[in-house]
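Enquirer: This one is upload.pdb, PDB, C-alpha atoms.
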ATOM      1  CA  MET A   1     132.850  70.320  93.891
ATOM      2  CA  ARG A   2     132.168  73.934  94.802
ATOM      3  CA  GLN A   3     131.126  75.496  98.058
ATOM      4  CA  LEU A   4     128.460  77.589  96.339
ATOM      5  CA  ILE A   5     126.578  77.727  93.036
ATOM      6  CA  ILE A   6     124.457  80.756  92.174
ATOM      7  CA  ILE A   7     121.765  80.217  89.545
ATOM      8  CA  GLY A   8     120.864  83.535  87.936
ATOM      9  CA  SER A   9     122.696  86.665  86.830
ATOM     10  CA  GLY A  10     120.398  89.588  87.539
ATOM     11  CA  PRO A  11     120.889  92.122  90.358
ATOM     12  CA  ALA A  12     120.222  89.414  92.950
ATOM     13  CA  GLY A  13     122.544  86.824  91.428
ATOM     14  CA  PHE A  14     125.462  89.140  90.780
ATOM     15  CA  THR A  15     125.152  90.897  94.152
ATOM     16  CA  ALA A  16     125.159  87.494  95.848
ATOM     17  CA  ALA A  17     128.228  86.634  93.784
ATOM     18  CA  ILE A  18     130.026  89.820  94.862
ATOM     19  CA  TYR A  19     129.427  89.116  98.563
ATOM     20  CA  ALA A  20     130.181  85.393  98.282
ATOM     21  CA  ALA A  21     133.362  86.004  96.304
ATOM     22  CA  ARG A  22     134.587  88.579  98.824
ATOM     23  CA  ALA A  23     134.003  85.935 101.506
ATOM     24  CA  GLU A  24     136.349  83.680  99.497
ATOM     25  CA  LEU A  25     133.613  81.155  98.692
ATOM     26  CA  LYS A  26     134.659  81.284  95.010
ATOM     27  CA  PRO A  27     131.076  80.973  93.748
ATOM     28  CA  LEU A  28     130.167  79.533  90.380
ATOM     29  CA  VAL A  29     127.470  81.626  88.670
ATOM     30  CA  ILE A  30     125.217  79.862  86.176
ATOM     31  CA  ALA A  31     124.358  82.985  84.194
ATOM     32  CA  SER A  32     122.480  82.179  80.987
ATOM     33  CA  SER A  33     123.217  81.245  77.427
ATOM     34  CA  VAL A  34     121.496  84.358  76.037
ATOM     35  CA  GLU A  35     120.151  86.540  78.879
ATOM     36  CA  THR A  36     123.104  87.202  81.169
ATOM     37  CA  GLY A  37     122.204  90.196  83.332
ATOM     38  CA  GLY A  38     118.499  89.444  83.638
ATOM     39  CA  GLU A  39     115.663  91.814  82.831
ATOM     40  CA  LEU A  40     117.728  94.952  83.390
ATOM     41  CA  THR A  41     119.605  94.248  80.167
ATOM     42  CA  LYS A  42     116.296  95.015  78.408
ATOM     43  CA  THR A  43     115.772  98.282  80.264
ATOM     44  CA  THR A  44     116.820 101.736  79.159
ATOM     45  CA  GLU A  45     117.856 104.405  81.633
ATOM     46  CA  VAL A  46     117.791 103.348  85.298
ATOM     47  CA  GLU A  47     117.241 106.480  87.373
ATOM     48  CA  ASN A  48     116.556 105.044  90.817
ATOM     49  CA  PHE A  49     119.563 102.823  91.532
ATOM     50  CA  PRO A  50     121.637 104.523  94.261
ATOM     51  CA  GLY A  51     125.020 105.841  93.248
ATOM     52  CA  PHE A  52     124.087 106.967  89.739
ATOM     53  CA  PRO A  53     122.607 110.472  90.045
ATOM     54  CA  GLU A  54     122.666 110.948  86.276
ATOM     55  CA  GLY A  55     121.119 107.547  85.673
ATOM     56  CA  ILE A  56     122.675 104.515  84.004
ATOM     57  CA  GLN A  57     121.632 102.238  81.177
ATOM     58  CA  GLY A  58     120.370  98.873  82.417
ATOM     59  CA  PRO A  59     122.882  96.791  80.413
ATOM     60  CA  ASP A  60     125.741  98.987  81.630
ATOM     61  CA  LEU A  61     124.698  98.499  85.250
ATOM     62  CA  MET A  62     124.650  94.731  84.870
ATOM     63  CA  ILE A  63     128.059  94.701  83.144
ATOM     64  CA  LYS A  64     129.510  96.623  86.084
ATOM     65  CA  MET A  65     127.950  94.169  88.560
ATOM     66  CA  GLN A  66     129.400  91.221  86.652
ATOM     67  CA  GLU A  67     132.840  92.812  86.464
ATOM     68  CA  GLN A  68     132.759  93.464  90.199
ATOM     69  CA  ALA A  69     131.807  89.858  90.946
ATOM     70  CA  GLU A  70     134.569  88.532  88.693
ATOM     71  CA  LYS A  71     137.083  90.918  90.239
ATOM     72  CA  PHE A  72     136.649  89.164  93.588
ATOM     73  CA  GLY A  73     136.817  85.658  92.135
ATOM     74  CA  ALA A  74     133.350  84.662  90.965
ATOM     75  CA  GLU A  75     133.367  82.358  87.967
ATOM     76  CA  ILE A  76     130.698  82.649  85.246
ATOM     77  CA  VAL A  77     129.190  79.848  83.169
ATOM     78  CA  TYR A  78     127.273  81.067  80.101
ATOM     79  CA  ASP A  79     124.692  78.317  79.970
ATOM     80  CA  ASP A  80     121.192  77.606  81.276
ATOM     81  CA  ALA A  81     120.378  75.424  84.258
ATOM     82  CA  VAL A  82     118.049  72.709  82.970
ATOM     83  CA  SER A  83     117.668  70.571  86.095
ATOM     84  CA  VAL A  84     118.560  70.720  89.771
ATOM     85  CA  GLU A  85     118.870  68.183  92.591
ATOM     86  CA  LEU A  86     118.637  70.185  95.789
ATOM     87  CA  GLU A  87     117.943  67.621  98.509
ATOM     88  CA  GLY A  88     120.752  66.185 100.574
ATOM     89  CA  PRO A  89     124.134  67.641 101.520
ATOM     90  CA  ILE A  90     125.443  67.720  97.937
ATOM     91  CA  LYS A  91     123.481  69.859  95.452
ATOM     92  CA  ARG A  92     123.673  69.203  91.708
ATOM     93  CA  VAL A  93     122.951  71.615  88.861
ATOM     94  CA  THR A  94     122.895  70.410  85.255
ATOM     95  CA  VAL A  95     123.226  72.894  82.380
ATOM     96  CA  GLY A  96     122.116  72.750  78.771
ATOM     97  CA  ALA A  97     125.450  71.431  77.522
ATOM     98  CA  GLY A  98     124.974  68.350  79.706
ATOM     99  CA  THR A  99     127.533  69.267  82.346
ATOM    100  CA  THR A 100     126.552  68.712  85.980
ATOM    101  CA  TYR A 101     128.132  70.806  88.732
ATOM    102  CA  GLU A 102     128.135  69.964  92.438
ATOM    103  CA  ALA A 103     128.129  72.281  95.438
ATOM    104  CA  LEU A 104     127.406  72.310  99.140
ATOM    105  CA  ALA A 105     125.010  75.259  98.813
ATOM    106  CA  VAL A 106     122.897  76.863  96.112
ATOM    107  CA  ILE A 107     121.443  80.345  95.759
ATOM    108  CA  TYR A 108     118.461  80.322  93.411
ATOM    109  CA  ALA A 109     118.057  83.761  91.806
ATOM    110  CA  THR A 110     116.378  83.055  88.479
ATOM    111  CA  GLY A 111     114.141  86.122  88.426
ATOM    112  CA  SER A 112     110.920  86.168  86.449
ATOM    113  CA  ALA A 113     109.741  85.788  82.852
ATOM    114  CA  TYR A 114     107.545  87.977  80.675
ATOM    115  CA  ARG A 115     103.834  87.199  80.860
ATOM    116  CA  HIS A 116     102.074  86.476  77.571
ATOM    117  CA  LEU A 117      98.569  87.295  76.382
ATOM    118  CA  GLY A 118      97.917  83.685  75.412
ATOM    119  CA  LEU A 119      96.577  84.473  71.940
ATOM    120  CA  PRO A 120      96.945  82.012  69.029
ATOM    121  CA  ASP A 121      99.079  84.309  66.844
ATOM    122  CA  GLU A 122     101.194  85.785  69.646
ATOM    123  CA  GLN A 123     104.083  83.371  69.296
ATOM    124  CA  ARG A 124     103.771  83.090  65.516
ATOM    125  CA  LEU A 125     104.274  86.837  65.144
ATOM    126  CA  SER A 126     106.919  87.107  67.856
ATOM    127  CA  GLY A 127     109.813  88.953  66.251
ATOM    128  CA  HIS A 128     107.529  90.050  63.443
ATOM    129  CA  GLY A 129     105.811  92.898  65.222
ATOM    130  CA  VAL A 130     105.055  91.287  68.586
ATOM    131  CA  SER A 131     107.651  92.063  71.247
ATOM    132  CA  TRP A 132     108.181  92.069  74.994
ATOM    133  CA  CYS A 133     111.224  94.348  74.903
ATOM    134  CA  ALA A 134     111.111  97.962  73.736
ATOM    135  CA  THR A 135     114.852  98.381  74.247
ATOM    136  CA  CYS A 136     115.560  95.400  72.018
ATOM    137  CA  ASP A 137     113.118  96.147  69.224
ATOM    138  CA  GLY A 138     112.072  99.799  69.399
ATOM    139  CA  PHE A 139     114.588 100.825  66.741
ATOM    140  CA  PHE A 140     112.721  98.777  64.134
ATOM    141  CA  PHE A 141     109.552 100.831  64.531
ATOM    142  CA  ARG A 142     110.698 104.253  63.383
ATOM    143  CA  GLN A 143     107.776 106.359  62.183
ATOM    144  CA  LYS A 144     105.384 103.475  62.853
ATOM    145  CA  ASN A 145     102.075 103.157  64.669
ATOM    146  CA  ILE A 146     102.447 100.796  67.621
ATOM    147  CA  ALA A 147     100.714  99.831  70.870
ATOM    148  CA  VAL A 148     101.728  98.797  74.368
ATOM    149  CA  VAL A 149      99.519  96.481  76.421
ATOM    150  CA  GLY A 150      99.541  97.093  80.184
ATOM    151  CA  GLY A 151      98.980  99.680  82.877
ATOM    152  CA  GLY A 152     101.936  99.375  85.252
ATOM    153  CA  ASP A 153     105.341 101.035  85.483
ATOM    154  CA  SER A 154     106.844  98.706  82.893
ATOM    155  CA  ALA A 155     104.128  99.523  80.379
ATOM    156  CA  MET A 156     104.541 103.266  80.903
ATOM    157  CA  GLU A 157     108.310 103.000  80.603
ATOM    158  CA  GLU A 158     107.964 100.985  77.397
ATOM    159  CA  ALA A 159     105.460 103.443  75.929
ATOM    160  CA  THR A 160     107.551 106.497  76.804
ATOM    161  CA  PHE A 161     110.715 104.936  75.406
ATOM    162  CA  LEU A 162     108.993 103.897  72.176
ATOM    163  CA  THR A 163     107.981 107.481  71.422
ATOM    164  CA  ARG A 164     111.639 108.042  70.500
ATOM    165  CA  PHE A 165     110.970 105.984  67.391
ATOM    166  CA  ALA A 166     107.247 105.624  66.689
ATOM    167  CA  ASP A 167     104.887 108.275  65.346
ATOM    168  CA  LYS A 168     102.167 107.152  67.745
ATOM    169  CA  VAL A 169     101.993 104.807  70.720
ATOM    170  CA  THR A 170      98.615 103.573  71.955
ATOM    171  CA  VAL A 171      98.493 102.222  75.493
ATOM    172  CA  ILE A 172      95.865  99.476  75.740
ATOM    173  CA  HIS A 173      94.638  98.926  79.278
ATOM    174  CA  ARG A 174      91.796  96.765  80.557
ATOM    175  CA  LYS A 175      90.727  99.337  83.153
ATOM    176  CA  ASP A 176      90.051 103.071  83.137
ATOM    177  CA  THR A 177      92.898 103.920  85.508
ATOM    178  CA  LEU A 178      96.572 102.985  85.555
ATOM    179  CA  ARG A 179      98.355 101.116  88.340
ATOM    180  CA  ALA A 180     101.698 102.717  87.449
ATOM    181  CA  SER A 181     103.449 105.047  89.884
ATOM    182  CA  LYS A 182     102.416 108.691  89.769
ATOM    183  CA  ILE A 183     105.634 109.899  88.143
ATOM    184  CA  MET A 184     105.394 107.306  85.373
ATOM    185  CA  GLN A 185     101.749 108.193  84.745
ATOM    186  CA  GLU A 186     102.556 111.894  84.527
ATOM    187  CA  ARG A 187     105.287 111.265  81.969
ATOM    188  CA  ALA A 188     102.973 109.182  79.808
ATOM    189  CA  PHE A 189     100.051 111.613  80.024
ATOM    190  CA  ALA A 190     102.329 114.521  79.119
ATOM    191  CA  ASP A 191     103.740 112.828  76.025
ATOM    192  CA  PRO A 192     101.907 114.027  72.886
ATOM    193  CA  LYS A 193     102.699 110.802  71.052
ATOM    194  CA  ILE A 194     100.931 108.580  73.595
ATOM    195  CA  GLU A 195      97.217 107.846  73.377
ATOM    196  CA  PHE A 196      95.134 105.568  75.618
ATOM    197  CA  ALA A 197      92.599 102.879  74.788
ATOM    198  CA  TRP A 198      90.801 102.493  78.117
ATOM    199  CA  ASN A 199      88.761  99.448  79.172
ATOM    200  CA  LYS A 200      90.144  97.389  76.308
ATOM    201  CA  THR A 201      91.814  94.004  75.928
ATOM    202  CA  VAL A 202      93.540  92.535  72.896
ATOM    203  CA  SER A 203      91.450  89.582  71.737
ATOM    204  CA  ALA A 204      93.224  88.888  68.427
ATOM    205  CA  ILE A 205      96.429  89.806  66.630
ATOM    206  CA  HIS A 206      96.352  90.137  62.847
ATOM    207  CA  GLY A 207      98.970  89.760  60.152
ATOM    208  CA  GLU A 208     100.465  87.102  57.913
ATOM    209  CA  SER A 209     104.201  87.780  57.944
ATOM    210  CA  ALA A 210     104.055  90.840  60.232
ATOM    211  CA  VAL A 211     101.610  92.523  62.597
ATOM    212  CA  THR A 212      99.007  94.639  60.810
ATOM    213  CA  GLY A 213      96.575  95.256  63.637
ATOM    214  CA  VAL A 214      94.635  93.909  66.594
ATOM    215  CA  THR A 215      91.061  93.320  67.635
ATOM    216  CA  LEU A 216      90.100  95.095  70.854
ATOM    217  CA  THR A 217      87.295  93.974  73.133
ATOM    218  CA  ASP A 218      85.680  96.501  75.443
ATOM    219  CA  THR A 219      85.744  95.150  79.010
ATOM    220  CA  VAL A 220      82.566  97.069  79.893
ATOM    221  CA  THR A 221      80.296  96.634  76.860
ATOM    222  CA  GLY A 222      81.833  93.592  75.192
ATOM    223  CA  GLU A 223      81.930  95.403  71.861
ATOM    224  CA  THR A 224      84.861  94.783  69.528
ATOM    225  CA  SER A 225      86.826  97.197  67.369
ATOM    226  CA  GLU A 226      89.845  97.066  65.092
ATOM    227  CA  LEU A 227      93.086  98.978  65.596
ATOM    228  CA  ALA A 228      95.627  99.135  62.772
ATOM    229  CA  LEU A 229      99.184  98.688  64.064
ATOM    230  CA  ASP A 230     102.700  97.988  62.902
ATOM    231  CA  GLY A 231     103.812  96.573  66.226
ATOM    232  CA  LEU A 232     102.509  95.314  69.569
ATOM    233  CA  PHE A 233     104.574  95.458  72.776
ATOM    234  CA  ILE A 234     103.303  93.359  75.684
ATOM    235  CA  ALA A 235     104.041  94.649  79.191
ATOM    236  CA  ILE A 236     101.540  92.913  81.468
ATOM    237  CA  GLY A 237     103.870  91.591  84.103
ATOM    238  CA  ASN A 238     106.142  88.688  84.832
ATOM    239  CA  ASP A 239     105.990  85.231  86.371
ATOM    240  CA  PRO A 240     108.686  83.875  88.720
ATOM    241  CA  ARG A 241     110.931  81.283  87.093
ATOM    242  CA  VAL A 242     110.296  78.374  89.434
ATOM    243  CA  HIS A 243     109.810  75.503  86.971
ATOM    244  CA  LEU A 244     113.113  73.868  87.921
ATOM    245  CA  VAL A 245     112.240  73.592  91.600
ATOM    246  CA  HIS A 246     108.674  72.273  91.501
ATOM    247  CA  GLY A 247     108.404  69.393  93.949
ATOM    248  CA  GLN A 248     111.607  70.424  95.713
ATOM    249  CA  LEU A 249     111.134  73.941  97.071
ATOM    250  CA  ASP A 250     107.979  75.199  98.749
ATOM    251  CA  LEU A 251     106.161  78.005  96.974
ATOM    252  CA  ALA A 252     104.245  80.945  98.405
ATOM    253  CA  PRO A 253     100.580  81.504  97.422
ATOM    254  CA  GLU A 254     101.733  84.065  94.842
ATOM    255  CA  GLY A 255     103.834  81.416  93.082
ATOM    256  CA  THR A 256     107.181  82.732  94.295
ATOM    257  CA  ILE A 257     109.624  80.623  96.303
ATOM    258  CA  ALA A 258     108.758  80.640  99.988
ATOM    259  CA  VAL A 259     111.513  81.787 102.346
ATOM    260  CA  GLN A 260     111.702  81.933 106.116
ATOM    261  CA  GLY A 261     110.873  85.395 107.437
ATOM    262  CA  ARG A 262     113.309  88.061 106.254
ATOM    263  CA  SER A 263     115.944  85.452 105.436
ATOM    264  CA  SER A 264     116.645  83.726 102.139
ATOM    265  CA  ARG A 265     116.358  80.232 103.608
ATOM    266  CA  THR A 266     114.039  77.829 101.794
ATOM    267  CA  ASN A 267     112.555  74.587 103.088
ATOM    268  CA  LEU A 268     115.749  72.717 102.121
ATOM    269  CA  GLU A 269     118.986  72.998 104.068
ATOM    270  CA  GLY A 270     121.696  74.730 102.093
ATOM    271  CA  VAL A 271     119.317  76.152  99.471
ATOM    272  CA  PHE A 272     118.656  79.879  99.427
ATOM    273  CA  ALA A 273     116.574  82.085  97.129
ATOM    274  CA  ALA A 274     116.807  85.754  96.239
ATOM    275  CA  GLY A 275     115.447  88.469  93.977
ATOM    276  CA  ASP A 276     112.225  88.582  91.994
ATOM    277  CA  VAL A 277     111.805  84.825  92.302
ATOM    278  CA  ILE A 278     110.835  85.418  95.974
ATOM    279  CA  ASP A 279     109.318  88.906  95.585
ATOM    280  CA  PRO A 280     105.775  89.306  94.196
ATOM    281  CA  THR A 281     105.434  92.881  95.449
ATOM    282  CA  TYR A 282     108.341  95.290  95.038
ATOM    283  CA  ARG A 283     110.296  93.830  92.092
ATOM    284  CA  GLN A 284     112.937  96.556  91.926
ATOM    285  CA  ALA A 285     116.593  96.230  91.018
ATOM    286  CA  ILE A 286     117.666  97.620  94.380
ATOM    287  CA  THR A 287     115.440  95.270  96.397
ATOM    288  CA  ALA A 288     116.708  92.345  94.330
ATOM    289  CA  ALA A 289     120.289  93.404  95.025
ATOM    290  CA  GLY A 290     119.542  93.628  98.739
ATOM    291  CA  SER A 291     117.948  90.201  98.595
ATOM    292  CA  GLY A 292     121.080  88.830  96.936
ATOM    293  CA  THR A 293     123.122  90.240  99.812
ATOM    294  CA  VAL A 294     120.929  88.414 102.315
ATOM    295  CA  ALA A 295     121.275  85.157 100.402
ATOM    296  CA  ALA A 296     125.066  85.390 100.257
ATOM    297  CA  LEU A 297     125.328  86.102 103.977
ATOM    298  CA  ASP A 298     122.931  83.255 104.800
ATOM    299  CA  ALA A 299     124.902  80.885 102.577
ATOM    300  CA  GLU A 300     128.195  81.976 104.136
ATOM    301  CA  LYS A 301     126.820  81.304 107.629
ATOM    302  CA  TYR A 302     125.466  77.907 106.576
ATOM    303  CA  LEU A 303     128.778  76.845 105.043
ATOM    304  CA  ALA A 304     130.745  78.037 108.078
ATOM    305  CA  GLU A 305     128.680  75.756 110.306
ATOM    306  CA  LEU A 306     129.258  72.614 108.218
ATOM    307  CA  ASP A 307     131.792  69.922 109.098
ATOM    308  CA  PRO A 308     135.206  71.329 108.091
ATOM    309  CA  THR A 309     136.104  68.059 106.383
ATOM    310  CA  LEU A 310     133.114  68.511 104.077
ATOM    311  CA  THR A 311     133.884  72.113 103.179
ATOM    312  CA  ALA A 312     137.542  71.197 102.667
ATOM    313  CA  SER A 313     136.444  68.818  99.907
ATOM    314  CA  ALA A 314     134.828  71.744  98.062
ATOM    315  CA  ASP A 315     137.974  72.990  96.378
ATOM    316  CA  GLY A 316     137.010  76.314  94.865
ATOM    317  CA  ASP A 317     140.552  76.760  93.555
ATOM    318  CA  ALA A 318     140.170  73.846  91.177
ATOM    319  CA  PRO A 319     139.050  74.542  87.604
ATOM    320  CA  VAL A 320     135.340  74.089  86.977
ATOM    321  CA  SER A 321     134.871  70.498  85.881
ATOM    322  CA  PRO A 322     131.790  68.414  85.154
ATOM    323  CA  VAL A 323     130.747  65.440  87.223
ATOM    324  CA  THR A 324     128.450  62.623  86.286
ATOM    325  CA  ALA A 325     124.955  63.168  87.633
ATOM    326  CA  SER A 326     123.700  60.507  89.949
ATOM    327  CA  ALA A 327     121.031  58.213  88.594
TER     328      ALA A 327
END
Take the structure in this file and express it as structure tokens.

Expert:
Amino acid sequence: MRQLIIIGSGPAGFTAAIYAARAELKPLVIASSVETGGELTKTTEVENFPGFPEGIQGPDLMIKMQEQAEKFGAEIVYDDAVSVELEGPIKRVTVGAGTTYEALAVIYATGSAYRHLGLPDEQRLSGHGVSWCATCDGFFFRQKNIAVVGGGDSAMEEATFLTRFADKVTVIHRKDTLRASKIMQERAFADPKIEFAWNKTVSAIHGESAVTGVTLTDTVTGETSELALDGLFIAIGNDPRVHLVHGQLDLAPEGTIAVQGRSSRTNLEGVFAAGDVIDPTYRQAITAAGSGTVAALDAEKYLAELDPTLTASADGDAPVSPVTASA
């Protein structure tokens, strides 16, 4: 049994791991089987994370965070949490391989997932012209005509990045103004490769084996039109990954995990939450990292106040070993 398990490996999860490891809690980090590092691994240059005046690539930043956590003694499991039992003094986390780990405290830092359009052919053409990650797939669209759906910072960043490869990038937005920050808007407006389809939504995606175009519906008139495309990038936001904790942790009206005031404490003793999974507003790498700090400090305080005989049984020096989940 461990003192602490951290579920998630984005800025919140790895920052929590750094602080917890330095406090000699020897945390076990349930990272992911395929997405270790969270959403920043799908981001290009990060210009606003303190300490990197020249900017840093998102994947590089997350590698450095992981290395720092491991340097102080955090242990990483490259698998996905598939179920959690968070009530009671002993918490249990089961991963995809079937192994169940026990701990006295859990930090839940699972981040958020890409939001989909909900169209019939969206999933069918995923990987065949439909994408949610410009960094991952932009290279495949050299000299192509593509579109980005959305009007926020993520959409503008995706569109600007994709101009490195595509001949033309059309930003499809359901309103006539963007919600992106001023600097991101200015970059997009100044880019000669970016065009805008205002007051439009994507109502259908076309193509047999690959995307060939979309149907646009005007949000003002209701009229439809066709737009020929080689690729469609969807950047309309994210949803907090809370499916594992339904019925166990209280949620805020926005769908994020509810925490007490400025703390990371949830409605269950010994369970803490951090990062985008509790933040419907700011959703920045630096705020997630700060949130991970709070969670680690809250967890450290909680563990320090437990019965010493209980914490003594959580031997963080022992190799990670599975236990049989209770029935």

Enquirer: Quick one, how far is atom CA of Ala81 of chain A from atom CA of Asp121 of chain A?

Expert: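 Between atom CA of Ala81 of chain A and atom CA of Asp121 of chain A the gap is 28.9 Å.
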
Enquirer: Please, which residues in segment 81-151 of chain A fall within 12 Å of segment 200-220 of chain A when counting all atoms listed in the file, and what is the closest atom pair and distance in Å to one decimal for each, ordered by chain then residue number, as JSON lines?

Expert:
{"residue": "A:His116", "atom": "CA", "partner": "A:Val202", "partner_atom": "CA", "distance": 11.5}
{"residue": "A:Leu117", "atom": "CA", "partner": "A:Val202", "partner_atom": "CA", "distance": 8.1}
{"residue": "A:Gly118", "atom": "CA", "partner": "A:Ser203", "partner_atom": "CA", "distance": 9.5}
{"residue": "A:Leu119", "atom": "CA", "partner": "A:Ala204", "partner_atom": "CA", "distance": 6.6}
{"residue": "A:Pro120", "atom": "CA", "partner": "A:Ala204", "partner_atom": "CA", "distance": 7.8}
{"residue": "A:Asp121", "atom": "CA", "partner": "A:Ile205", "partner_atom": "CA", "distance": 6.1}
{"residue": "A:Glu122", "atom": "CA", "partner": "A:Ile205", "partner_atom": "CA", "distance": 6.9}
{"residue": "A:Gln123", "atom": "CA", "partner": "A:Ile205", "partner_atom": "CA", "distance": 10.3}
{"residue": "A:Arg124", "atom": "CA", "partner": "A:Ser209", "partner_atom": "CA", "distance": 8.9}
{"residue": "A:Leu125", "atom": "CA", "partner": "A:Ala210", "partner_atom": "CA", "distance": 6.3}
{"residue": "A:Ser126", "atom": "CA", "partner": "A:Ala210", "partner_atom": "CA", "distance": 9.0}
{"residue": "A:Gly127", "atom": "CA", "partner": "A:Ala210", "partner_atom": "CA", "distance": 8.5}
{"residue": "A:His128", "atom": "CA", "partner": "A:Ala210", "partner_atom": "CA", "distance": 4.8}
{"residue": "A:Gly129", "atom": "CA", "partner": "A:Val211", "partner_atom": "CA", "distance": 5.0}
{"residue": "A:Val130", "atom": "CA", "partner": "A:Val211", "partner_atom": "CA", "distance": 7.0}
{"residue": "A:Ser131", "atom": "CA", "partner": "A:Val211", "partner_atom": "CA", "distance": 10.6}
{"residue": "A:Phe141", "atom": "CA", "partner": "A:Val211", "partner_atom": "CA", "distance": 11.7}
{"residue": "A:Lys144", "atom": "CA", "partner": "A:Thr212", "partner_atom": "CA", "distance": 11.1}
{"residue": "A:Asn145", "atom": "CA", "partner": "A:Gly213", "partner_atom": "CA", "distance": 9.7}
{"residue": "A:Ile146", "atom": "CA", "partner": "A:Gly213", "partner_atom": "CA", "distance": 9.0}
{"residue": "A:Ala147", "atom": "CA", "partner": "A:Val214", "partner_atom": "CA", "distance": 9.5}
{"residue": "A:Val148", "atom": "CA", "partner": "A:Val202", "partner_atom": "CA", "distance": 10.4}
{"residue": "A:Val149", "atom": "CA", "partner": "A:Val202", "partner_atom": "CA", "distance": 8.0}
{"residue": "A:Gly150", "atom": "CA", "partner": "A:Thr201", "partner_atom": "CA", "distance": 9.3}
{"residue": "A:Gly151", "atom": "CA", "partner": "A:Lys200", "partner_atom": "CA", "distance": 11.2}

Enquirer: Which of these, A:Gly237, A:Pro280, A:Gly292, A:Pro50, has the shortest distance to Ile257 of chain A once you count only C-alpha atoms?

Expert: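 Counting only C-alpha atoms, the residue closest to Ile257 of chain A is A:Pro280.
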
Enquirer: For a quick check of understanding, using only C-alpha atoms, which of A:Asn48, A:Ser83, A:Thr36, A:Thr293 has the smallest distance to Gln248 of chain A?

Expert: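 Looking at the shortest contact to Gln248 of chain A, the residue is A:Ser83.
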
Enquirer: Which residues of segment 100-195 of chain A come within 12 Å of segment 23-34 of chain A, and for each one, what is the closest pair of atoms and their distance in Å to one decimal, counting all atoms listed in the file, sorted by chain and residue number, as JSON lines?

Expert:
{"residue": "A:Thr100", "atom": "CA", "partner": "A:Ile30", "partner_atom": "CA", "distance": 11.2}
{"residue": "A:Tyr101", "atom": "CA", "partner": "A:Leu28", "partner_atom": "CA", "distance": 9.1}
{"residue": "A:Glu102", "atom": "CA", "partner": "A:Leu28", "partner_atom": "CA", "distance": 10.0}
{"residue": "A:Ala103", "atom": "CA", "partner": "A:Leu28", "partner_atom": "CA", "distance": 9.1}
{"residue": "A:Leu104", "atom": "CA", "partner": "A:Leu25", "partner_atom": "CA", "distance": 10.8}
{"residue": "A:Ala105", "atom": "CA", "partner": "A:Pro27", "partner_atom": "CA", "distance": 9.8}
{"residue": "A:Val106", "atom": "CA", "partner": "A:Pro27", "partner_atom": "CA", "distance": 9.5}
{"residue": "A:Ile107", "atom": "CA", "partner": "A:Val29", "partner_atom": "CA", "distance": 9.4}
{"residue": "A:Tyr108", "atom": "CA", "partner": "A:Ile30", "partner_atom": "CA", "distance": 9.9}
{"residue": "A:Ala109", "atom": "CA", "partner": "A:Ile30", "partner_atom": "CA", "distance": 9.9}
{"residue": "A:Thr110", "atom": "CA", "partner": "A:Ala31", "partner_atom": "CA", "distance": 9.1}
{"residue": "A:Gly111", "atom": "CA", "partner": "A:Ala31", "partner_atom": "CA", "distance": 11.5}

Enquirer: If you count all atoms listed in the file, which residues fall within 10 Å of Asn267 of chain A, apart from same-chain ones fewer than 3 positions away, as a list in words?

Expert: Glu87, Gln248, Leu249, Asp250, Leu251, Ile257, Ala258, Val259, Gln260, Gly270, Val271 and Phe272 of chain A

Enquirer: Name all residues at most 7 Å from Leu162 of chain A (count all atoms listed in the file; drop same-chain ones fewer than 4 positions away) and give them as a list in words.

Expert: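 Answer for this query is Ala134, Gly138, Glu158 and Ala166 of chain A.
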
Enquirer: Give as a VMD selection string the residues that the PyMOL selection byres ((chain A and resi 187-198) around 6) matches when applied to the coordinates above.

Expert: chain A and resid 168 to 173 175 to 176 184 to 186 199 to 200

Enquirer: I'd like the interatomic distance between atom CA of Arg262 of chain A and atom CA of Phe52 of chain A, to a tenth of an Å.

Expert: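 Going from atom CA of Arg262 of chain A over to atom CA of Phe52 of chain A, I get 27.3 Å.
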
Enquirer: Which protein, DNA or RNA residues are at most 10 Å from (121.2, 91.3, 91.7) in the file's coordinates when you count only C-alpha atoms, listed as a PyMOL selection string?

Expert: chain A and resi 8-18+37-38+40+62+65-66+109+111+274-276+284-293

Enquirer: Given the selection you just returned, output its residues as a file containing C-alpha atoms, formatted as a short mmCIF file (atom, residue, chain, number, x, y, z; two decimals), in the coordinates of the input.

Expert:
data_model
loop_
_atom_site.label_atom_id
_atom_site.label_comp_id
_atom_site.auth_asym_id
_atom_site.auth_seq_id
_atom_site.Cartn_x
_atom_site.Cartn_y
_atom_site.Cartn_z
CA GLY A 8 120.86 83.54 87.94
CA SER A 9 122.70 86.66 86.83
CA GLY A 10 120.40 89.59 87.54
CA PRO A 11 120.89 92.12 90.36
CA ALA A 12 120.22 89.41 92.95
CA GLY A 13 122.54 86.82 91.43
CA PHE A 14 125.46 89.14 90.78
CA THR A 15 125.15 90.90 94.15
CA ALA A 16 125.16 87.49 95.85
CA ALA A 17 128.23 86.63 93.78
CA ILE A 18 130.03 89.82 94.86
CA GLY A 37 122.20 90.20 83.33
CA GLY A 38 118.50 89.44 83.64
CA LEU A 40 117.73 94.95 83.39
CA MET A 62 124.65 94.73 84.87
CA MET A 65 127.95 94.17 88.56
CA GLN A 66 129.40 91.22 86.65
CA ALA A 109 118.06 83.76 91.81
CA GLY A 111 114.14 86.12 88.43
CA ALA A 274 116.81 85.75 96.24
CA GLY A 275 115.45 88.47 93.98
CA ASP A 276 112.22 88.58 91.99
CA GLN A 284 112.94 96.56 91.93
CA ALA A 285 116.59 96.23 91.02
CA ILE A 286 117.67 97.62 94.38
CA THR A 287 115.44 95.27 96.40
CA ALA A 288 116.71 92.34 94.33
CA ALA A 289 120.29 93.40 95.02
CA GLY A 290 119.54 93.63 98.74
CA SER A 291 117.95 90.20 98.60
CA GLY A 292 121.08 88.83 96.94
CA THR A 293 123.12 90.24 99.81
#
